[in-house]
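Asks: Right, I'll just put the structure down here and ask away after.
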Amino acid sequence: MRIDVVSLFPEFVTQVAGHGVVGRAGERGLLSVHGWNPRDFAEGSYRRVDDRPFGGGPGMVMMVEPLRAVLAAARAAAPEPARVVYLSPQGRPFDQARARALALEPRLVLLCGRYEGVDERLLAAEVDEELSIGDYVLSGGELAAAVVVDAVARLLPGALNDVESAAQDSFEPSADGAGPLLLDCPHYTRPLEHAYGEVPPVLLSGNHAAIARWRRQQALGRTWQRRPELIDRGALSKADARLLDEFLAADGDALGDGP
Ligand code: SAM
């Protein structure tokens, strides 16, 4: 996969992409991330990329022409068609399902705004989709682009080692696609004995069925406690409903009415 990042600070994103799982995806030839600066495509000695908003008001707006030119150059840099994504607080909320879908694309162009944002005409003409990483306003799209690059890159086949398989992660659907999206279960590692507490004995039992059952139960229980809107209790399978009831009973919430 190829990702082109259009930003006034492209190194911000390309540097992030050099570390950890994303960096390894790059080393393995699964991903390349390229930065493009609209200022390099701006005219005049000041290489101006922004101007005052029509109608007045505070702040500056990123101009159409430098962005049109940089996007044209980025698109032309590789033969595959590129899906152009504008990072915006007004976009569709970015989630794991969207990350999975984007990981199937051969190419993405991530457009990062600054100031008050981008001239709407450029967005209407060039952008396929707008994505938000949350209901708050950042000063620029670079952090959001880095989030998208990271979440997408780790889903590319071969990016994660087996031990880090994404299948068990929070928000990943089960193998058969049935049941709710759950948060991950708790994890423990050595040392076995520590003043901070014990490791649940089932994890030391070697009984794989019991461990899988415990993990499913923990995932159901903590999802119900932390993100109850993810679980429609009436739609749970009988097995999941029993696991959740047991979890809540053991947790002292025998009524199980949620947090
Ligand atoms: N005036 C815009 C608004 O209220 O919708 C906010 C502009 S913001 C200061 C500058 C840039 O940061 C935006 O163009 C966008 O690229 C990026 N940005 C800010 N918040 C974001 C978010 N929650 N998700 C994705 N991108 C965001």
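Ordered as shown in the structure tokens, chains take letters A, B, and onward, while each chain numbers its residues from 1 and ligands are numbered from 1 in the order shown.
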For Leu110 (chain A), work out the shell of residues within 9 Å, counting only C-alpha atoms and skipping chain neighbours fewer than 2 positions away, then give it as a list in words.

Replies: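 Final neighbour list, sorted by chain and number: Ile3, Asp4, Val5, Val6, Ser7, Arg83, Val84, Val85, Tyr86, Leu87, Leu108, Cys112, Gly141, Ala145, Val148 and Val149 of chain A.
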
Asks: Would you output that residue set with N, CA and C atoms, as an mmCIF file, in the first residue's frame?

Replies:
data_model
loop_
_atom_site.group_PDB
_atom_site.id
_atom_site.type_symbol
_atom_site.label_atom_id
_atom_site.label_comp_id
_atom_site.auth_asym_id
_atom_site.auth_seq_id
_atom_site.Cartn_x
_atom_site.Cartn_y
_atom_site.Cartn_z
ATOM 1 N N ILE A 3 0.740 5.391 0.820
ATOM 2 C CA ILE A 3 -0.011 6.491 1.421
ATOM 3 C C ILE A 3 0.757 7.790 1.168
ATOM 4 N N ASP A 4 0.089 8.747 0.552
ATOM 5 C CA ASP A 4 0.665 10.073 0.346
ATOM 6 C C ASP A 4 0.003 11.043 1.327
ATOM 7 N N VAL A 5 0.830 11.784 2.031
ATOM 8 C CA VAL A 5 0.317 12.712 3.040
ATOM 9 C C VAL A 5 0.558 14.139 2.555
ATOM 10 N N VAL A 6 -0.520 14.878 2.385
ATOM 11 C CA VAL A 6 -0.431 16.270 1.938
ATOM 12 C C VAL A 6 -0.612 17.165 3.152
ATOM 13 N N SER A 7 0.440 17.920 3.474
ATOM 14 C CA SER A 7 0.426 18.667 4.729
ATOM 15 C C SER A 7 1.465 19.773 4.681
ATOM 16 N N ARG A 83 -7.536 6.962 -3.242
ATOM 17 C CA ARG A 83 -8.692 7.465 -2.498
ATOM 18 C C ARG A 83 -8.218 8.655 -1.662
ATOM 19 N N VAL A 84 -8.833 9.806 -1.862
ATOM 20 C CA VAL A 84 -8.381 11.016 -1.171
ATOM 21 C C VAL A 84 -9.253 11.238 0.066
ATOM 22 N N VAL A 85 -8.582 11.280 1.216
ATOM 23 C CA VAL A 85 -9.266 11.427 2.501
ATOM 24 C C VAL A 85 -8.842 12.757 3.129
ATOM 25 N N TYR A 86 -9.836 13.576 3.466
ATOM 26 C CA TYR A 86 -9.551 14.822 4.185
ATOM 27 C C TYR A 86 -9.815 14.583 5.664
ATOM 28 N N LEU A 87 -8.806 14.832 6.497
ATOM 29 C CA LEU A 87 -8.991 14.706 7.945
ATOM 30 C C LEU A 87 -9.705 15.953 8.430
ATOM 31 N N LEU A 108 -3.832 5.560 -0.646
ATOM 32 C CA LEU A 108 -4.585 6.623 0.017
ATOM 33 C C LEU A 108 -3.810 7.929 -0.117
ATOM 34 N N CYS A 112 -4.272 17.002 5.025
ATOM 35 C CA CYS A 112 -4.309 17.594 6.363
ATOM 36 C C CYS A 112 -4.570 19.095 6.249
ATOM 37 N N GLY A 141 -4.403 18.625 10.732
ATOM 38 C CA GLY A 141 -4.810 17.257 10.433
ATOM 39 C C GLY A 141 -3.708 16.224 10.579
ATOM 40 N N ALA A 145 -3.970 12.250 10.671
ATOM 41 C CA ALA A 145 -3.422 11.434 9.583
ATOM 42 C C ALA A 145 -2.517 10.345 10.145
ATOM 43 N N VAL A 148 -4.598 7.538 11.376
ATOM 44 C CA VAL A 148 -5.127 6.705 10.286
ATOM 45 C C VAL A 148 -4.015 5.811 9.721
ATOM 46 N N VAL A 149 -2.835 6.384 9.514
ATOM 47 C CA VAL A 149 -1.718 5.583 8.981
ATOM 48 C C VAL A 149 -1.426 4.411 9.912
#

Asks: Would you mind listing, for every residue of region 96-142 of chain A within 8 Å of region 61-68 of chain A, the two atoms forming the shortest contact and the distance between them in Å to one decimal, using only C-alpha atoms, sorted by chain and ascending residue number, as CSV?

Replies:
residue,atom,partner,partner_atom,distance
A:Gly113,CA,A:Met62,CA,7.4
A:Arg114,CA,A:Met62,CA,7.2
A:Tyr115,CA,A:Val61,CA,6.1
A:Glu116,CA,A:Val61,CA,5.4
A:Gly117,CA,A:Val61,CA,5.5
A:Val118,CA,A:Met62,CA,4.6
A:Asp119,CA,A:Met63,CA,5.8
A:Arg121,CA,A:Val64,CA,7.2
A:Leu122,CA,A:Val64,CA,5.4
A:Glu126,CA,A:Arg68,CA,7.8

Asks: When you count only C-alpha atoms and all ligand atoms, which of these residues is closest to ligand 1: A:Asp135, A:Glu129, A:Glu27, A:Asp40?

Replies: A:Asp135

Asks: Using only C-alpha atoms for the distances, tell me which of A:Leu30, A:Ala219, A:Val109, A:Ala99 is nearest to Cys185 (chain A).

Replies: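 Residue with the minimum atom-to-atom distance to Cys185 (chain A): A:Ala219.
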
Asks: What is the distance, in Å and to one decimal place, between CA of Glu43 (chain A) and CA of Ala69 (chain A)?

Replies: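 Here the two named atoms are 10.5 Å from each other.
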
Asks: For a quick check of understanding, using only C-alpha atoms, which of A:Gly35, A:Pro200, A:Pro79, A:Gly29 has the smallest distance to Gln15 (chain A)?

Replies: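 Between A:Gly35, A:Pro200, A:Pro79, A:Gly29, the residue approaching Gln15 (chain A) most closely is A:Gly35.
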
Asks: Could you go through region 9-255 of chain A and tell me which residues DSSP, when run on the backbone, assigns to alpha helix (DSSP H), listing them as an MDAnalysis selection string?

Replies: chainID A and resid 10:16 20:27 64:76 96:102 120:126 142:153 208:226 238:250
